[in-house]
Amino acid sequence: MKFLASLAALILSVTLATAQWETTTYSLKGGWNAIHLSGDARQDSLENLLPPEVVEVWRWNPNPTQVQFTQSPLLPSAGTPEWSVWKRGQPEESTLSQLTGQASYLVKCAGTASSSYSVALRNSPLPPQNRWVRNGANLMGFPTAKAGGNFPLMSAYFASFPIATAPNTRVFKYAGGDLGAANPVQVFSPAVERIDRTKAYWFSAEVVGNFYAPVDISLSSANGLSFGRTGSLITAQIRNKTSATMTVTFTPTTSESAPASQTPVTGPVPLTLRTYNAATLLWEESPLGASFQKVIAPQASVEVRFGIDRADAAMTGAPADAGFASILRVTDSANLFDIHLPVSATKASLAGLWVGDISLNGVSGSDTPRDFPLRTLIHVSDSGEARLLSTVFLGKLASAGNLPGICTREPMLDSASLATARRLVAAHLPLDQNLPAASGNFAIGDSATWTVQVPFDDPTNPFIHQYHPDHDNKNQRGQPLGAGVESYGVSRSCTFTFTAAPPSGSTVTSGWGSSVIGGTYSETLAGLRSAPITLTGTFELRRASEIGLLTQ
């Protein structure tokens, strides 16, 4: 038992990832109740989360192999795989240590059916889901809407899933009090029974399906609108399962503050709505500051694309790895459902390898006939130090463990994995360059300058030509010459200014500031002629790796 207690403590000590929070209030009676928890409440032990009046909690674990639905699933039974149990003050009889989301529970409270309790649970919403199993033992809840003080009628809510209330289906609800003939009670009239989003119900419908609402929402991210540190686009497919036209409203909602043991919520996620402009043939993003609607035809689907504005002032001004979270409510014009989708993001860290091109379009104040590309490699460490590189390797390292990494020389790679390694080169730089920035920072709204020295005898010096006697830095006797005779040292001062939005002419539609970064470029080139030459243009870099350690 000490081992189990230690294990439970370890599990509960784990901090949930950046999450959004809301409080759901459950109205309970003395005796047995059935509730549905749509969000995770794993931030604390059940002893601390629940008031002392709650003495037992039983979680239903759907078992597709169970033979048939009988009266037995209505009665919790310890020691079976269908149930996990927690009993206050009895750890030796408890197999349940956390309140996980999208699950249904039986809750026993002290007192009788005449006793009433209000239990508020702060939880982190999860995308809706339900799994109906053929054996008919389905204890589940639904994200119903409450309009005008009332929840929708069962018959209306399940109109697109009629098996749930068919004549041969039995539905039960818990009313409080001891288990017996009066609890749970069978629902005989779905046309007058309202379905409470906080409660769970038994359905004996023998059907396989995943119905949770008259609409189906499929997200490109399994964890909701979870952008993480580098995500920039999440697609939602919204399918109308009903036979009527449906108007769906999307409303961004602020998260509550996080529990003390969890990652603080710095602010709401700056969501954007990505739409296609048929006139310009480009995707455009606009801030999602208020509700918007989509009209969906019967048995039809629409696609909605959500982005994130990582250049938003709240995100750029936040400390490193700050967590942002909010909730996107999805409701319908018939007031049937109210789905709460989790939205989360972490302030982007720019650590890693960035690869892209400078596009030169100006020379000493004059425009060039066309852009000239210069491949650029910049690595940013976890501490923010940015280094300009001429060559870099990505692959398994030769060091112990052969972990994937980034290095500046091929011998640092695992010799047995060279076939899968990659070598990237910036050919316009001298060989083996690994330069820290002379000034500035690699960050949106800032600029960084690197000074590149090209010695007079460097193979990349433009004055050098190995096979021309006037440009080989040798006299007629083949003896080496010094600087300034046939070749001159060249100095390049390269400044990258990072902008909050893509420069003019960019085709980037999402990910700016996280997976793509860029802005304007300027360079002062000295040594080729008596007066320095100035070069101008734009640049875009894409993150090739998030590894912040450069092995060199």
# chains A, B, ... in the order shown; residues from 1 in each chain; ligands from 1
>>> closest_atom_pairs(of="range 128-152 of chain A", to="range 188-196 of chain A", cutoff="12 Å", atoms="only C-alpha atoms", output="JSON lines")
{"residue": "A:Met140", "atom": "CA", "partner": "A:Ile195", "partner_atom": "CA", "distance": 11.2}
{"residue": "A:Gly141", "atom": "CA", "partner": "A:Asp196", "partner_atom": "CA", "distance": 8.1}
{"residue": "A:Phe142", "atom": "CA", "partner": "A:Asp196", "partner_atom": "CA", "distance": 7.8}
{"residue": "A:Pro143", "atom": "CA", "partner": "A:Asp196", "partner_atom": "CA", "distance": 8.5}
{"residue": "A:Thr144", "atom": "CA", "partner": "A:Asp196", "partner_atom": "CA", "distance": 6.8}
{"residue": "A:Ala145", "atom": "CA", "partner": "A:Asp196", "partner_atom": "CA", "distance": 8.5}
{"residue": "A:Lys146", "atom": "CA", "partner": "A:Asp196", "partner_atom": "CA", "distance": 8.3}
{"residue": "A:Ala147", "atom": "CA", "partner": "A:Asp196", "partner_atom": "CA", "distance": 11.6}
{"residue": "A:Gly149", "atom": "CA", "partner": "A:Asp196", "partner_atom": "CA", "distance": 11.0}
{"residue": "A:Asn150", "atom": "CA", "partner": "A:Arg194", "partner_atom": "CA", "distance": 7.6}
{"residue": "A:Phe151", "atom": "CA", "partner": "A:Arg194", "partner_atom": "CA", "distance": 5.6}
{"residue": "A:Pro152", "atom": "CA", "partner": "A:Arg194", "partner_atom": "CA", "distance": 5.4}
>>> residues_around(residues="Ser493 in chain A", least_positions_apart="6", cutoff="7 Å", atoms="only C-alpha atoms", output="number ranges by chain")
A: 449-452, 523-525
>>> closest_atom_pairs(of="range 298-382 of chain A", to="range 389-406 of chain A", cutoff="8 Å", atoms="only C-alpha atoms", output="JSON lines")
{"residue": "A:Thr376", "atom": "CA", "partner": "A:Leu389", "partner_atom": "CA", "distance": 7.7}
{"residue": "A:Leu377", "atom": "CA", "partner": "A:Leu389", "partner_atom": "CA", "distance": 5.4}
{"residue": "A:Ile378", "atom": "CA", "partner": "A:Leu389", "partner_atom": "CA", "distance": 5.9}
{"residue": "A:His379", "atom": "CA", "partner": "A:Leu389", "partner_atom": "CA", "distance": 7.5}
>>> write_last_selection(atoms="N, CA, C and O atoms", output="compact mmCIF listing (two decimals), in the first residue's frame")
# COMPACT_ATOMS: atom_id res chain seq x y z
N THR A 376 21.22 31.34 -46.12
CA THR A 376 21.60 31.80 -44.79
C THR A 376 21.31 30.72 -43.76
O THR A 376 20.23 30.12 -43.76
N LEU A 377 22.28 30.48 -42.87
CA LEU A 377 22.15 29.51 -41.79
C LEU A 377 22.44 30.22 -40.47
O LEU A 377 23.53 30.76 -40.28
N ILE A 378 21.47 30.20 -39.56
CA ILE A 378 21.67 30.82 -38.25
C ILE A 378 21.18 29.84 -37.18
O ILE A 378 20.06 29.32 -37.27
N HIS A 379 22.03 29.61 -36.19
CA HIS A 379 21.61 28.76 -35.06
C HIS A 379 21.43 29.63 -33.83
O HIS A 379 22.26 30.49 -33.52
>>> select_by_dssp(residues="range 160-338 of chain A", states="alpha helix (DSSP H)", output="number ranges by chain")
A: 313-316
>>> residues_around(residues="Thr346 in chain A", least_positions_apart="5", cutoff="12 Å", atoms="only C-alpha atoms", output="count of residues only")
33
>>> residues_around(residues="Pro430 in chain A", least_positions_apart="4", cutoff="8 Å", atoms="only C-alpha atoms", output="PyMOL selection string")
chain A and resi 390+454+458-461
>>> write_last_selection(atoms="all heavy atoms", output="mmCIF file, in the first residue's frame")
data_model
loop_
_atom_site.group_PDB
_atom_site.id
_atom_site.type_symbol
_atom_site.label_atom_id
_atom_site.label_comp_id
_atom_site.auth_asym_id
_atom_site.auth_seq_id
_atom_site.Cartn_x
_atom_site.Cartn_y
_atom_site.Cartn_z
ATOM 1 N N SER A 390 28.507 28.924 -41.875
ATOM 2 C CA SER A 390 28.690 28.639 -43.303
ATOM 3 C C SER A 390 28.385 27.188 -43.619
ATOM 4 O O SER A 390 28.004 26.862 -44.752
ATOM 5 C CB SER A 390 30.122 28.975 -43.746
ATOM 6 O OG SER A 390 31.066 28.201 -43.014
ATOM 7 N N VAL A 454 36.636 38.427 -44.858
ATOM 8 C CA VAL A 454 37.094 37.535 -45.923
ATOM 9 C C VAL A 454 38.562 37.869 -46.189
ATOM 10 O O VAL A 454 38.874 38.857 -46.858
ATOM 11 C CB VAL A 454 36.265 37.703 -47.209
ATOM 12 C CG1 VAL A 454 36.669 36.654 -48.242
ATOM 13 C CG2 VAL A 454 34.765 37.619 -46.904
ATOM 14 N N ASP A 458 41.766 34.060 -48.763
ATOM 15 C CA ASP A 458 40.734 33.037 -48.562
ATOM 16 C C ASP A 458 40.232 32.545 -49.923
ATOM 17 O O ASP A 458 40.057 33.355 -50.859
ATOM 18 C CB ASP A 458 39.558 33.631 -47.771
ATOM 19 C CG ASP A 458 38.594 32.573 -47.305
ATOM 20 O OD1 ASP A 458 37.678 32.219 -48.085
ATOM 21 O OD2 ASP A 458 38.744 32.092 -46.164
ATOM 22 N N PRO A 459 39.999 31.252 -50.081
ATOM 23 C CA PRO A 459 39.534 30.725 -51.376
ATOM 24 C C PRO A 459 38.244 31.365 -51.864
ATOM 25 O O PRO A 459 37.977 31.369 -53.071
ATOM 26 C CB PRO A 459 39.341 29.225 -51.090
ATOM 27 C CG PRO A 459 40.243 28.934 -49.944
ATOM 28 C CD PRO A 459 40.237 30.174 -49.096
ATOM 29 N N THR A 460 37.423 31.909 -50.920
ATOM 30 C CA THR A 460 36.163 32.523 -51.341
ATOM 31 C C THR A 460 36.317 34.006 -51.658
ATOM 32 O O THR A 460 35.331 34.645 -52.054
ATOM 33 C CB THR A 460 35.101 32.350 -50.242
ATOM 34 O OG1 THR A 460 35.531 33.026 -49.056
ATOM 35 C CG2 THR A 460 34.858 30.884 -49.938
ATOM 36 N N ASN A 461 37.510 34.578 -51.463
ATOM 37 C CA ASN A 461 37.719 35.984 -51.789
ATOM 38 C C ASN A 461 37.519 36.196 -53.288
ATOM 39 O O ASN A 461 38.074 35.467 -54.108
ATOM 40 C CB ASN A 461 39.141 36.405 -51.382
ATOM 41 C CG ASN A 461 39.334 37.898 -51.462
ATOM 42 O OD1 ASN A 461 39.223 38.514 -52.522
ATOM 43 N ND2 ASN A 461 39.663 38.507 -50.328
#
>>> atom_distance(atom1="CA of Ser506 in chain A", atom2="CA of Asp357 in chain A")
12.1 Å
>>> closest_residue(among="A:Ser291, A:Gln102, A:Asn473, A:Ser545", to="Arg329 in chain A", atoms="only C-alpha atoms")
A:Ser291
>>> residues_around(residues="Leu374 in chain A", least_positions_apart="2", cutoff="10 Å", atoms="only C-alpha atoms", output="PyMOL selection string")
chain A and resi 356-360+371-372+376-377+426-429+539
>>> write_last_selection(atoms="C-alpha atoms", output="mmCIF file, in the first residue's frame")
data_model
loop_
_atom_site.group_PDB
_atom_site.id
_atom_site.type_symbol
_atom_site.label_atom_id
_atom_site.label_comp_id
_atom_site.auth_asym_id
_atom_site.auth_seq_id
_atom_site.Cartn_x
_atom_site.Cartn_y
_atom_site.Cartn_z
ATOM 1 C CA GLY A 356 16.463 30.446 -45.504
ATOM 2 C CA ASP A 357 17.502 33.041 -48.039
ATOM 3 C CA ILE A 358 18.368 36.677 -48.258
ATOM 4 C CA SER A 359 16.847 38.270 -51.379
ATOM 5 C CA LEU A 360 19.060 41.173 -52.439
ATOM 6 C CA ASP A 371 16.470 39.486 -56.708
ATOM 7 C CA PHE A 372 19.694 37.661 -55.929
ATOM 8 C CA THR A 376 21.604 31.797 -44.786
ATOM 9 C CA LEU A 377 22.148 29.513 -41.792
ATOM 10 C CA ALA A 426 25.956 28.913 -47.211
ATOM 11 C CA ALA A 427 28.297 29.167 -50.206
ATOM 12 C CA HIS A 428 28.666 32.972 -50.109
ATOM 13 C CA LEU A 429 30.478 32.813 -46.742
ATOM 14 C CA PHE A 539 15.051 37.723 -45.825
#
